[in-house]
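Undergrad: Quick one: structure below, then a few questions.
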Amino acid sequence: QKEVEQDPGPLSVPEGAIVSLNCTYSNSAFQYFMWYRQYSRKGPELLMYTYSSGNKEDGRFTAQVDKSSKYISLFIRDSQPSDSATYLCAVHGSGNTGKLIFGQGTTLQVKP
Amino acid sequence: EPEVTQTPSHQVTQMGQEVILRCVPISNHLYFYWYRQILGQKVEFLVSFYNNEISEKSEIFDDQFSVERPDGSNFTLKIRSTKLEDSAMYFCASSEAVGPGYGYTFGSGTRLTVV
């Protein structure tokens, strides 16, 4: 079983739609969860960081973690064409070295 | 906003040659990392570096790979004898610390093409 699994998409939505992106992870020892956005030929850019079950909101973005089902979600409200990118979920490895384990990434296209 | 700088942006090398990828992390960051992303695949951890030594490395990071922090600002990844399968985007990242609230800043990457 892969440590972090993410549907690669692609996902295409109209402008203004609510987008739901999801990941599952296998190791219950994982505690810290992140969402990154990656534009083509660029490095990942940190969007949200959470370390507990529940919701965390930042503007149009909401990150949700359900540790009981090992499920991570990112919701984007009022999606914009500029949100078109690849979204990567990531978890901290179980050690204390800072290693991140990434999902495959979901490619999102928001059409005007 | 502080950023992680990587050079070169694109490097083409012949199989068997040595390459050095260079990174300048954010100045007050203490943890440094290399990741790679083969085209169409996930971002994969290679190595983490703290206090002038490797703190963790992946199975990918075999004897052909090495990292160095030769001075107070640069962080390099050396591939001793490149293979075709080393072709990928290589990302450097740094963080101030490890733990809640400490995100990572990634550079824009070096695209390595081995021919």
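To be explicit about the labels: the chains of the structure tokens are called A, B, and onward in the order shown, and within each one the residues are counted from 1, while ligands get numbers from 1 in the order they are shown.
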Can you tell me which residues surround Gly43 (chain A) at a distance of at most 10 Å, considering only C-alpha atoms, apart from same-chain residues fewer than 2 positions away, and format the answer as a PyMOL selection string?
TA: (chain A and resi 36-41+45-46) or (chain B and resi 4+37+43+89-93+105-110)
Undergrad: Write out the residues from the selection above, keeping C-alpha atoms, as a tab-separated table (two decimals), in the first residue's frame.
TA:
chain	number	residue	atom	x	y	z
A	36	TYR	CA	1.11	22.42	-1.87
A	37	ARG	CA	0.29	24.04	-5.17
A	38	GLN	CA	2.61	23.52	-8.11
A	39	TYR	CA	2.48	25.49	-11.31
A	40	SER	CA	4.04	24.05	-14.44
A	41	ARG	CA	7.86	23.97	-14.28
A	45	GLU	CA	4.40	26.26	-2.97
A	46	LEU	CA	2.96	25.74	0.51
B	4	VAL	CA	15.30	29.38	-2.37
B	37	GLN	CA	10.28	14.64	-9.69
B	43	VAL	CA	7.74	14.43	-5.91
B	89	MET	CA	13.42	17.91	-11.97
B	90	TYR	CA	15.47	18.30	-8.82
B	91	PHE	CA	14.08	20.56	-6.13
B	92	CYS	CA	15.95	22.01	-3.21
B	93	ALA	CA	13.96	23.03	-0.15
B	105	THR	CA	10.15	26.66	0.86
B	106	PHE	CA	11.02	25.01	-2.42
B	107	GLY	CA	13.16	26.38	-5.19
B	108	SER	CA	12.02	26.44	-8.80
B	109	GLY	CA	14.07	23.38	-9.59
B	110	THR	CA	16.81	22.24	-11.92
Undergrad: Could you tell me which residues of chain B sit within 12 Å of chain A when counting only C-alpha atoms, and give me the result as a ChimeraX atom specification?
TA: /B:3-6,9-10,30-51,53-58,88-111
Undergrad: So what do you get for CA of Val115 (chain B) versus CA of Lys83 (chain B), distance-wise?
TA: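 We find that CA of Val115 (chain B) and CA of Lys83 (chain B) lie 8.4 Å from each other.
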Undergrad: Can you tell me, as a compact mmCIF listing (two decimals) with all heavy atoms, in the first residue's frame, which residues in chain A count as strand (DSSP E or B) by DSSP?
TA:
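Saved file result.txt follows:
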# COMPACT_ATOMS: atom_id res chain seq x y z
N VAL A 4 0.97 7.56 0.67
CA VAL A 4 0.03 8.65 0.42
C VAL A 4 -0.54 8.44 -0.98
O VAL A 4 0.22 8.34 -1.94
CB VAL A 4 0.71 10.03 0.51
CG1 VAL A 4 -0.32 11.14 0.26
CG2 VAL A 4 1.38 10.21 1.86
N GLU A 5 -1.85 8.41 -1.07
CA GLU A 5 -2.49 8.20 -2.37
C GLU A 5 -3.39 9.37 -2.70
O GLU A 5 -4.12 9.89 -1.85
CB GLU A 5 -3.30 6.90 -2.37
CG GLU A 5 -2.44 5.67 -2.14
CD GLU A 5 -3.04 4.42 -2.73
OE1 GLU A 5 -3.45 4.44 -3.90
OE2 GLU A 5 -3.09 3.41 -2.02
N GLN A 6 -3.33 9.77 -3.97
CA GLN A 6 -4.08 10.93 -4.42
C GLN A 6 -4.51 10.68 -5.86
O GLN A 6 -3.70 10.21 -6.67
CB GLN A 6 -3.18 12.18 -4.33
CG GLN A 6 -3.83 13.48 -4.67
CD GLN A 6 -2.90 14.67 -4.48
OE1 GLN A 6 -1.71 14.54 -4.21
NE2 GLN A 6 -3.46 15.86 -4.64
N LEU A 11 -8.81 17.25 -13.23
CA LEU A 11 -10.10 17.71 -12.78
C LEU A 11 -10.36 19.06 -13.46
O LEU A 11 -9.53 19.95 -13.38
CB LEU A 11 -10.07 17.88 -11.26
CG LEU A 11 -11.33 18.30 -10.53
CD1 LEU A 11 -12.42 17.27 -10.72
CD2 LEU A 11 -11.01 18.47 -9.04
N SER A 12 -11.49 19.15 -14.12
CA SER A 12 -11.83 20.39 -14.83
C SER A 12 -13.16 20.91 -14.29
O SER A 12 -14.14 20.16 -14.25
CB SER A 12 -11.92 20.13 -16.33
OG SER A 12 -12.22 21.31 -17.03
N VAL A 13 -13.18 22.18 -13.88
CA VAL A 13 -14.39 22.76 -13.30
C VAL A 13 -14.61 24.15 -13.90
O VAL A 13 -13.66 24.79 -14.37
CB VAL A 13 -14.29 22.88 -11.76
CG1 VAL A 13 -14.08 21.51 -11.13
CG2 VAL A 13 -13.20 23.84 -11.35
N PRO A 14 -15.84 24.65 -13.89
CA PRO A 14 -16.07 26.02 -14.33
C PRO A 14 -15.70 27.01 -13.23
O PRO A 14 -15.72 26.68 -12.04
CB PRO A 14 -17.58 26.05 -14.61
CG PRO A 14 -18.14 25.01 -13.69
CD PRO A 14 -17.08 23.94 -13.58
N VAL A 19 -14.28 23.24 -5.37
CA VAL A 19 -13.42 22.12 -5.74
C VAL A 19 -13.08 21.32 -4.49
O VAL A 19 -12.79 21.89 -3.42
CB VAL A 19 -12.11 22.62 -6.39
CG1 VAL A 19 -11.17 21.46 -6.68
CG2 VAL A 19 -12.42 23.40 -7.66
N SER A 20 -13.12 20.02 -4.62
CA SER A 20 -12.74 19.13 -3.51
C SER A 20 -11.60 18.23 -3.97
O SER A 20 -11.74 17.51 -4.96
CB SER A 20 -13.95 18.28 -3.11
OG SER A 20 -13.56 17.28 -2.18
N LEU A 21 -10.49 18.30 -3.28
CA LEU A 21 -9.32 17.48 -3.58
C LEU A 21 -9.04 16.59 -2.37
O LEU A 21 -9.14 17.05 -1.23
CB LEU A 21 -8.11 18.38 -3.86
CG LEU A 21 -8.31 19.42 -4.96
CD1 LEU A 21 -7.18 20.43 -4.95
CD2 LEU A 21 -8.40 18.75 -6.32
N ASN A 22 -8.67 15.36 -2.63
CA ASN A 22 -8.60 14.39 -1.53
C ASN A 22 -7.35 13.53 -1.59
O ASN A 22 -6.82 13.25 -2.66
CB ASN A 22 -9.83 13.48 -1.58
CG ASN A 22 -11.12 14.27 -1.62
OD1 ASN A 22 -11.46 14.95 -0.68
ND2 ASN A 22 -11.82 14.20 -2.74
N CYS A 23 -6.92 13.11 -0.42
CA CYS A 23 -5.81 12.16 -0.28
C CYS A 23 -6.13 11.20 0.84
O CYS A 23 -6.86 11.53 1.78
CB CYS A 23 -4.52 12.89 0.10
SG CYS A 23 -3.74 13.77 -1.24
N THR A 24 -5.55 10.01 0.75
CA THR A 24 -5.57 9.08 1.88
C THR A 24 -4.14 8.73 2.23
O THR A 24 -3.23 8.81 1.37
CB THR A 24 -6.34 7.80 1.53
OG1 THR A 24 -5.73 7.18 0.39
CG2 THR A 24 -7.80 8.09 1.22
N TYR A 25 -3.93 8.38 3.47
CA TYR A 25 -2.59 7.97 3.89
C TYR A 25 -2.71 6.69 4.70
O TYR A 25 -3.77 6.34 5.20
CB TYR A 25 -1.88 9.07 4.67
CG TYR A 25 -2.55 9.49 5.95
CD1 TYR A 25 -2.17 8.95 7.17
CD2 TYR A 25 -3.55 10.48 5.94
CE1 TYR A 25 -2.77 9.35 8.34
CE2 TYR A 25 -4.16 10.87 7.11
CZ TYR A 25 -3.77 10.32 8.32
OH TYR A 25 -4.37 10.71 9.48
N PHE A 33 0.21 17.52 8.16
CA PHE A 33 -0.31 17.39 6.81
C PHE A 33 -0.25 18.74 6.11
O PHE A 33 -0.52 19.78 6.71
CB PHE A 33 -1.76 16.89 6.86
CG PHE A 33 -1.92 15.68 7.74
CD1 PHE A 33 -2.30 15.82 9.06
CD2 PHE A 33 -1.65 14.42 7.25
CE1 PHE A 33 -2.42 14.72 9.89
CE2 PHE A 33 -1.77 13.31 8.06
CZ PHE A 33 -2.15 13.46 9.38
N MET A 34 0.10 18.69 4.85
CA MET A 34 0.25 19.93 4.09
C MET A 34 -0.39 19.80 2.73
O MET A 34 -0.53 18.69 2.18
CB MET A 34 1.74 20.23 3.85
CG MET A 34 2.57 20.31 5.11
SD MET A 34 4.30 20.63 4.66
CE MET A 34 5.08 20.25 6.22
N TRP A 35 -0.76 20.93 2.20
CA TRP A 35 -1.18 21.04 0.80
C TRP A 35 -0.25 22.02 0.10
O TRP A 35 -0.01 23.12 0.59
CB TRP A 35 -2.62 21.50 0.69
CG TRP A 35 -3.60 20.41 0.96
CD1 TRP A 35 -4.23 20.15 2.15
CD2 TRP A 35 -4.06 19.42 0.05
NE1 TRP A 35 -5.04 19.05 2.02
CE2 TRP A 35 -4.96 18.58 0.73
CE3 TRP A 35 -3.80 19.15 -1.30
CZ2 TRP A 35 -5.61 17.49 0.13
CZ3 TRP A 35 -4.44 18.07 -1.90
CH2 TRP A 35 -5.33 17.26 -1.20
N TYR A 36 0.26 21.58 -1.04
CA TYR A 36 1.11 22.42 -1.87
C TYR A 36 0.43 22.63 -3.22
O TYR A 36 -0.31 21.78 -3.70
CB TYR A 36 2.47 21.77 -2.11
CG TYR A 36 3.43 21.89 -0.95
CD1 TYR A 36 3.39 21.00 0.10
CD2 TYR A 36 4.38 22.91 -0.93
CE1 TYR A 36 4.28 21.11 1.17
CE2 TYR A 36 5.26 23.03 0.12
CZ TYR A 36 5.20 22.14 1.16
OH TYR A 36 6.08 22.26 2.22
N ARG A 37 0.74 23.76 -3.81
CA ARG A 37 0.29 24.04 -5.17
C ARG A 37 1.54 24.12 -6.03
O ARG A 37 2.55 24.72 -5.64
CB ARG A 37 -0.46 25.37 -5.20
CG ARG A 37 -0.94 25.81 -6.57
CD ARG A 37 -1.82 27.05 -6.45
NE ARG A 37 -1.12 28.16 -5.83
CZ ARG A 37 -1.73 29.24 -5.33
NH1 ARG A 37 -3.06 29.34 -5.37
NH2 ARG A 37 -1.03 30.21 -4.79
N GLN A 38 1.47 23.53 -7.21
CA GLN A 38 2.61 23.52 -8.11
C GLN A 38 2.16 23.95 -9.50
O GLN A 38 1.36 23.28 -10.13
CB GLN A 38 3.26 22.14 -8.17
CG GLN A 38 4.55 22.10 -8.98
CD GLN A 38 5.19 20.72 -8.99
OE1 GLN A 38 4.54 19.71 -8.81
NE2 GLN A 38 6.51 20.69 -9.19
N GLU A 45 4.58 25.08 -3.81
CA GLU A 45 4.40 26.26 -2.97
C GLU A 45 3.42 25.90 -1.85
O GLU A 45 2.32 25.40 -2.13
CB GLU A 45 3.84 27.38 -3.86
CG GLU A 45 3.37 28.62 -3.14
CD GLU A 45 2.47 29.47 -4.04
OE1 GLU A 45 2.09 29.02 -5.14
OE2 GLU A 45 2.14 30.58 -3.61
N LEU A 46 3.80 26.13 -0.62
CA LEU A 46 2.96 25.74 0.51
C LEU A 46 1.68 26.56 0.55
O LEU A 46 1.69 27.77 0.52
CB LEU A 46 3.72 25.92 1.81
CG LEU A 46 2.96 25.53 3.08
CD1 LEU A 46 2.68 24.04 3.10
CD2 LEU A 46 3.77 25.95 4.31
N LEU A 47 0.55 25.84 0.62
CA LEU A 47 -0.76 26.50 0.73
C LEU A 47 -1.28 26.46 2.18
O LEU A 47 -1.67 27.47 2.73
CB LEU A 47 -1.79 25.77 -0.14
CG LEU A 47 -1.89 26.13 -1.61
CD1 LEU A 47 -2.94 25.25 -2.27
CD2 LEU A 47 -2.24 27.60 -1.79
N MET A 48 -1.30 25.25 2.74
CA MET A 48 -1.90 25.09 4.06
C MET A 48 -1.13 24.02 4.82
O MET A 48 -0.61 23.09 4.24
CB MET A 48 -3.37 24.64 3.95
CG MET A 48 -4.21 25.45 3.04
SD MET A 48 -5.48 26.49 3.69
CE MET A 48 -5.99 25.95 5.22
N TYR A 49 -1.13 24.19 6.14
CA TYR A 49 -0.41 23.25 7.01
C TYR A 49 -1.33 22.97 8.20
O TYR A 49 -1.79 23.89 8.85
CB TYR A 49 0.87 23.92 7.49
CG TYR A 49 1.88 23.02 8.17
CD1 TYR A 49 3.22 23.11 7.84
CD2 TYR A 49 1.51 22.14 9.17
CE1 TYR A 49 4.16 22.32 8.46
CE2 TYR A 49 2.45 21.35 9.80
CZ TYR A 49 3.77 21.44 9.44
OH TYR A 49 4.71 20.65 10.06
N THR A 50 -1.59 21.71 8.47
CA THR A 50 -2.44 21.38 9.60
C THR A 50 -1.91 20.14 10.30
O THR A 50 -1.25 19.31 9.67
CB THR A 50 -3.90 21.17 9.14
OG1 THR A 50 -4.71 20.87 10.26
CG2 THR A 50 -4.00 20.04 8.14
N GLY A 54 -9.90 17.99 11.94
CA GLY A 54 -10.77 19.15 11.90
C GLY A 54 -10.47 20.00 10.68
O GLY A 54 -9.79 19.57 9.76
N ASN A 55 -11.00 21.20 10.70
CA ASN A 55 -10.88 22.11 9.55
C ASN A 55 -9.95 23.27 9.87
O ASN A 55 -9.87 23.74 11.01
CB ASN A 55 -12.25 22.69 9.19
CG ASN A 55 -13.21 21.64 8.68
OD1 ASN A 55 -12.81 20.51 8.41
ND2 ASN A 55 -14.47 22.00 8.59
N LYS A 56 -9.27 23.73 8.84
CA LYS A 56 -8.48 24.95 8.92
C LYS A 56 -8.77 25.77 7.68
O LYS A 56 -8.69 25.26 6.56
CB LYS A 56 -6.99 24.63 9.01
CG LYS A 56 -6.11 25.85 9.15
CD LYS A 56 -4.66 25.44 9.30
CE LYS A 56 -3.77 26.66 9.45
NZ LYS A 56 -2.33 26.27 9.58
N GLU A 57 -9.11 27.02 7.90
CA GLU A 57 -9.55 27.86 6.79
C GLU A 57 -8.55 28.99 6.55
O GLU A 57 -8.00 29.57 7.48
CB GLU A 57 -10.92 28.45 7.12
CG GLU A 57 -11.66 29.02 5.95
CD GLU A 57 -13.10 29.40 6.31
OE1 GLU A 57 -13.80 28.56 6.91
OE2 GLU A 57 -13.49 30.54 6.02
N ASP A 58 -8.33 29.31 5.25
CA ASP A 58 -7.49 30.43 4.88
C ASP A 58 -8.06 31.02 3.59
O ASP A 58 -7.80 30.49 2.51
CB ASP A 58 -6.04 29.98 4.69
CG ASP A 58 -5.10 31.13 4.39
OD1 ASP A 58 -5.56 32.30 4.36
OD2 ASP A 58 -3.90 30.89 4.19
N PHE A 61 -9.65 28.82 0.80
CA PHE A 61 -9.15 27.45 0.97
C PHE A 61 -9.48 26.91 2.37
O PHE A 61 -9.33 27.61 3.36
CB PHE A 61 -7.63 27.41 0.77
CG PHE A 61 -7.19 27.80 -0.61
CD1 PHE A 61 -6.94 29.13 -0.92
CD2 PHE A 61 -7.04 26.85 -1.61
CE1 PHE A 61 -6.54 29.51 -2.21
CE2 PHE A 61 -6.64 27.21 -2.89
CZ PHE A 61 -6.39 28.53 -3.18
N THR A 62 -9.92 25.66 2.40
CA THR A 62 -10.16 24.96 3.67
C THR A 62 -9.50 23.60 3.61
O THR A 62 -9.75 22.83 2.68
CB THR A 62 -11.67 24.79 3.94
OG1 THR A 62 -12.30 26.07 4.01
CG2 THR A 62 -11.89 24.03 5.25
N ALA A 63 -8.65 23.32 4.59
CA ALA A 63 -8.04 22.01 4.70
C ALA A 63 -8.76 21.23 5.79
O ALA A 63 -9.11 21.78 6.83
CB ALA A 63 -6.55 22.13 5.03
N GLN A 64 -8.97 19.97 5.52
CA GLN A 64 -9.71 19.13 6.46
C GLN A 64 -8.93 17.83 6.65
O GLN A 64 -8.44 17.25 5.69
CB GLN A 64 -11.09 18.83 5.88
CG GLN A 64 -12.05 18.14 6.82
CD GLN A 64 -13.42 18.01 6.16
OE1 GLN A 64 -13.65 17.12 5.34
NE2 GLN A 64 -14.33 18.90 6.52
N VAL A 65 -8.81 17.42 7.91
CA VAL A 65 -8.13 16.17 8.23
C VAL A 65 -9.06 15.31 9.07
O VAL A 65 -9.64 15.78 10.04
CB VAL A 65 -6.82 16.43 9.01
CG1 VAL A 65 -6.17 15.11 9.41
CG2 VAL A 65 -5.85 17.26 8.19
N ASP A 66 -9.17 14.07 8.67
CA ASP A 66 -9.92 13.08 9.46
C ASP A 66 -8.96 11.95 9.78
O ASP A 66 -8.74 11.06 8.96
CB ASP A 66 -11.13 12.58 8.67
CG ASP A 66 -11.97 11.59 9.46
OD1 ASP A 66 -11.51 11.09 10.50
OD2 ASP A 66 -13.10 11.31 9.04
N TYR A 71 -7.80 10.48 6.13
CA TYR A 71 -8.30 11.16 4.95
C TYR A 71 -8.00 12.65 5.07
O TYR A 71 -8.23 13.26 6.11
CB TYR A 71 -9.82 10.94 4.88
CG TYR A 71 -10.44 11.08 3.53
CD1 TYR A 71 -10.34 10.08 2.58
CD2 TYR A 71 -11.17 12.23 3.21
CE1 TYR A 71 -10.94 10.19 1.34
CE2 TYR A 71 -11.77 12.35 1.97
CZ TYR A 71 -11.66 11.33 1.05
OH TYR A 71 -12.25 11.44 -0.18
N ILE A 72 -7.45 13.21 3.98
CA ILE A 72 -7.10 14.63 3.95
C ILE A 72 -7.83 15.27 2.78
O ILE A 72 -7.85 14.69 1.69
CB ILE A 72 -5.59 14.83 3.72
CG1 ILE A 72 -4.75 13.92 4.60
CG2 ILE A 72 -5.18 16.27 3.98
CD1 ILE A 72 -3.32 13.82 4.12
N SER A 73 -8.41 16.43 3.00
CA SER A 73 -9.12 17.11 1.92
C SER A 73 -8.70 18.57 1.84
O SER A 73 -8.31 19.17 2.84
CB SER A 73 -10.64 17.05 2.16
OG SER A 73 -11.10 15.72 2.20
N LEU A 74 -8.81 19.11 0.64
CA LEU A 74 -8.65 20.54 0.41
C LEU A 74 -9.85 21.01 -0.39
O LEU A 74 -10.16 20.43 -1.44
CB LEU A 74 -7.36 20.85 -0.35
CG LEU A 74 -7.14 22.33 -0.65
CD1 LEU A 74 -6.79 23.10 0.63
CD2 LEU A 74 -6.01 22.53 -1.69
N PHE A 75 -10.53 22.02 0.13
CA PHE A 75 -11.67 22.60 -0.57
C PHE A 75 -11.30 24.01 -1.04
O PHE A 75 -10.70 24.78 -0.29
CB PHE A 75 -12.90 22.67 0.34
CG PHE A 75 -13.35 21.33 0.84
CD1 PHE A 75 -12.95 20.87 2.08
CD2 PHE A 75 -14.17 20.52 0.06
CE1 PHE A 75 -13.35 19.62 2.54
CE2 PHE A 75 -14.57 19.27 0.51
CZ PHE A 75 -14.16 18.83 1.75
N ILE A 76 -11.66 24.29 -2.28
CA ILE A 76 -11.44 25.63 -2.83
C ILE A 76 -12.80 26.19 -3.19
O ILE A 76 -13.53 25.60 -4.01
CB ILE A 76 -10.55 25.59 -4.09
CG1 ILE A 76 -9.24 24.83 -3.82
CG2 ILE A 76 -10.25 27.02 -4.56
CD1 ILE A 76 -8.38 24.64 -5.06
N ALA A 85 -3.69 24.53 -11.52
CA ALA A 85 -2.36 24.09 -11.10
C ALA A 85 -2.46 22.63 -10.68
O ALA A 85 -3.54 22.04 -10.74
CB ALA A 85 -1.86 24.93 -9.92
N THR A 86 -1.36 22.08 -10.26
CA THR A 86 -1.37 20.75 -9.65
C THR A 86 -1.30 20.92 -8.15
O THR A 86 -0.48 21.68 -7.63
CB THR A 86 -0.19 19.91 -10.15
OG1 THR A 86 -0.31 19.72 -11.56
CG2 THR A 86 -0.17 18.55 -9.47
N TYR A 87 -2.18 20.23 -7.44
CA TYR A 87 -2.26 20.31 -5.98
C TYR A 87 -1.71 19.01 -5.37
O TYR A 87 -2.15 17.91 -5.72
CB TYR A 87 -3.70 20.57 -5.54
CG TYR A 87 -4.12 21.97 -5.90
CD1 TYR A 87 -4.54 22.27 -7.20
CD2 TYR A 87 -4.04 23.01 -4.98
CE1 TYR A 87 -4.89 23.56 -7.56
CE2 TYR A 87 -4.39 24.31 -5.33
CZ TYR A 87 -4.80 24.57 -6.62
OH TYR A 87 -5.13 25.86 -6.98
N LEU A 88 -0.76 19.18 -4.50
CA LEU A 88 -0.08 18.05 -3.89
C LEU A 88 -0.39 17.99 -2.41
O LEU A 88 -0.22 18.98 -1.70
CB LEU A 88 1.45 18.20 -4.04
CG LEU A 88 2.01 18.55 -5.42
CD1 LEU A 88 3.49 18.89 -5.32
CD2 LEU A 88 1.82 17.39 -6.37
N CYS A 89 -0.82 16.84 -1.95
CA CYS A 89 -0.90 16.66 -0.50
C CYS A 89 0.43 16.07 -0.04
O CYS A 89 1.12 15.40 -0.82
CB CYS A 89 -2.06 15.76 -0.10
SG CYS A 89 -1.97 14.09 -0.73
N ALA A 90 0.78 16.35 1.18
CA ALA A 90 2.05 15.83 1.72
C ALA A 90 1.89 15.58 3.21
O ALA A 90 1.13 16.28 3.89
CB ALA A 90 3.19 16.81 1.46
N VAL A 91 2.61 14.60 3.68
CA VAL A 91 2.62 14.33 5.12
C VAL A 91 4.07 14.32 5.58
O VAL A 91 4.99 13.99 4.81
CB VAL A 91 1.95 12.97 5.46
CG1 VAL A 91 0.52 12.96 4.98
CG2 VAL A 91 2.71 11.81 4.88
N HIS A 92 4.26 14.68 6.85
CA HIS A 92 5.59 14.53 7.46
C HIS A 92 5.83 13.05 7.69
O HIS A 92 4.96 12.33 8.16
CB HIS A 92 5.64 15.22 8.81
CG HIS A 92 6.21 16.59 8.77
ND1 HIS A 92 7.55 16.83 8.52
CD2 HIS A 92 5.65 17.79 8.95
CE1 HIS A 92 7.76 18.12 8.56
NE2 HIS A 92 6.63 18.74 8.81
N LEU A 100 9.27 14.86 3.82
CA LEU A 100 7.89 14.92 3.37
C LEU A 100 7.62 13.78 2.41
O LEU A 100 8.46 13.43 1.59
CB LEU A 100 7.60 16.24 2.65
CG LEU A 100 7.68 17.52 3.47
CD1 LEU A 100 7.31 18.73 2.59
CD2 LEU A 100 6.80 17.47 4.68
N ILE A 101 6.41 13.22 2.53
CA ILE A 101 5.96 12.19 1.59
C ILE A 101 4.78 12.78 0.83
O ILE A 101 3.78 13.19 1.44
CB ILE A 101 5.53 10.92 2.34
CG1 ILE A 101 6.68 10.40 3.19
CG2 ILE A 101 5.07 9.85 1.34
CD1 ILE A 101 6.27 9.35 4.19
N PHE A 102 4.92 12.82 -0.48
CA PHE A 102 3.92 13.49 -1.32
C PHE A 102 2.98 12.49 -1.95
O PHE A 102 3.34 11.34 -2.25
CB PHE A 102 4.61 14.27 -2.44
CG PHE A 102 5.21 15.57 -2.01
CD1 PHE A 102 6.51 15.63 -1.55
CD2 PHE A 102 4.48 16.75 -2.09
CE1 PHE A 102 7.07 16.83 -1.15
CE2 PHE A 102 5.03 17.96 -1.70
CZ PHE A 102 6.33 18.00 -1.24
N THR A 106 -2.95 16.26 -7.92
CA THR A 106 -4.16 16.34 -8.75
C THR A 106 -4.07 17.60 -9.60
O THR A 106 -3.88 18.69 -9.07
CB THR A 106 -5.43 16.41 -7.90
OG1 THR A 106 -5.53 15.25 -7.08
CG2 THR A 106 -6.67 16.52 -8.78
N THR A 107 -4.18 17.42 -10.91
CA THR A 107 -4.14 18.56 -11.82
C THR A 107 -5.54 19.16 -11.95
O THR A 107 -6.49 18.46 -12.29
CB THR A 107 -3.63 18.13 -13.20
OG1 THR A 107 -2.31 17.59 -13.04
CG2 THR A 107 -3.56 19.31 -14.15
N LEU A 108 -5.64 20.42 -11.64
CA LEU A 108 -6.92 21.13 -11.66
C LEU A 108 -6.90 22.18 -12.76
O LEU A 108 -5.94 22.95 -12.88
CB LEU A 108 -7.16 21.82 -10.31
CG LEU A 108 -8.34 22.78 -10.24
CD1 LEU A 108 -9.66 22.03 -10.38
CD2 LEU A 108 -8.31 23.59 -8.93
N GLN A 109 -7.97 22.21 -13.53
CA GLN A 109 -8.15 23.28 -14.50
C GLN A 109 -9.47 23.97 -14.20
O GLN A 109 -10.52 23.32 -14.14
CB GLN A 109 -8.15 22.75 -15.93
CG GLN A 109 -8.26 23.85 -16.97
CD GLN A 109 -8.30 23.33 -18.41
OE1 GLN A 109 -8.69 22.19 -18.65
NE2 GLN A 109 -7.90 24.16 -19.34
N VAL A 110 -9.42 25.29 -14.02
CA VAL A 110 -10.62 26.08 -13.80
C VAL A 110 -10.87 26.88 -15.06
O VAL A 110 -10.07 27.73 -15.45
CB VAL A 110 -10.47 27.01 -12.59
CG1 VAL A 110 -11.76 27.80 -12.37
CG2 VAL A 110 -10.10 26.22 -11.34
N LYS A 111 -11.99 26.60 -15.70
CA LYS A 111 -12.28 27.24 -16.99
C LYS A 111 -13.09 28.52 -16.78
O LYS A 111 -14.06 28.51 -16.03
CB LYS A 111 -13.05 26.27 -17.87
CG LYS A 111 -12.24 25.06 -18.28
CD LYS A 111 -13.03 24.15 -19.22
CE LYS A 111 -12.19 22.99 -19.69
NZ LYS A 111 -12.94 22.08 -20.58
Undergrad: Could you tell me how far CA of Val12 (chain B) sits from CA of Glu68 (chain B), in Å to one decimal place?
TA: 21.5 Å
Undergrad: Would you list the contacts of Met15 (chain B) as a VMD selection string, taking every protein, DNA or RNA residue within 12 Å and counting only C-alpha atoms, but skipping same-chain residues closer than 4 positions in sequence?
TA: chain B and resid 19 79 to 87 112 to 115
Undergrad: Store the residues picked out above in a file with N, CA and C atoms, as an mmCIF file, in the first residue's frame.
TA:
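Result file is again.cif:
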data_model
loop_
_atom_site.group_PDB
_atom_site.id
_atom_site.type_symbol
_atom_site.label_atom_id
_atom_site.label_comp_id
_atom_site.auth_asym_id
_atom_site.auth_seq_id
_atom_site.Cartn_x
_atom_site.Cartn_y
_atom_site.Cartn_z
ATOM 1 N N VAL B 19 27.506 15.632 -12.311
ATOM 2 C CA VAL B 19 26.835 16.932 -12.298
ATOM 3 C C VAL B 19 26.738 17.421 -10.859
ATOM 4 N N ILE B 79 25.794 14.274 -8.401
ATOM 5 C CA ILE B 79 25.554 12.936 -8.924
ATOM 6 C C ILE B 79 26.835 12.533 -9.641
ATOM 7 N N ARG B 80 27.459 11.491 -9.157
ATOM 8 C CA ARG B 80 28.818 11.162 -9.575
ATOM 9 C C ARG B 80 28.875 10.652 -11.012
ATOM 10 N N SER B 81 28.028 9.752 -11.361
ATOM 11 C CA SER B 81 28.037 9.157 -12.696
ATOM 12 C C SER B 81 26.593 9.019 -13.148
ATOM 13 N N THR B 82 26.153 9.993 -13.918
ATOM 14 C CA THR B 82 24.725 10.071 -14.221
ATOM 15 C C THR B 82 24.248 8.925 -15.108
ATOM 16 N N LYS B 83 22.999 8.528 -14.861
ATOM 17 C CA LYS B 83 22.338 7.510 -15.671
ATOM 18 C C LYS B 83 21.138 8.154 -16.370
ATOM 19 N N LEU B 84 20.647 7.501 -17.396
ATOM 20 C CA LEU B 84 19.482 8.026 -18.105
ATOM 21 C C LEU B 84 18.312 8.242 -17.148
ATOM 22 N N GLU B 85 18.145 7.324 -16.202
ATOM 23 C CA GLU B 85 17.006 7.392 -15.273
ATOM 24 C C GLU B 85 17.153 8.489 -14.209
ATOM 25 N N ASP B 86 18.282 9.184 -14.214
ATOM 26 C CA ASP B 86 18.439 10.345 -13.318
ATOM 27 C C ASP B 86 17.781 11.596 -13.902
ATOM 28 N N SER B 87 17.336 11.510 -15.141
ATOM 29 C CA SER B 87 16.654 12.652 -15.759
ATOM 30 C C SER B 87 15.386 12.970 -14.978
ATOM 31 N N LEU B 112 17.217 18.305 -15.006
ATOM 32 C CA LEU B 112 18.391 17.551 -15.440
ATOM 33 C C LEU B 112 17.994 16.593 -16.549
ATOM 34 N N THR B 113 18.677 16.705 -17.661
ATOM 35 C CA THR B 113 18.447 15.804 -18.789
ATOM 36 C C THR B 113 19.730 15.038 -19.043
ATOM 37 N N VAL B 114 19.674 13.727 -18.942
ATOM 38 C CA VAL B 114 20.832 12.879 -19.200
ATOM 39 C C VAL B 114 20.637 12.222 -20.558
ATOM 40 N N VAL B 115 21.627 12.418 -21.429
ATOM 41 C CA VAL B 115 21.497 11.885 -22.805
ATOM 42 C C VAL B 115 22.571 10.836 -23.087
#
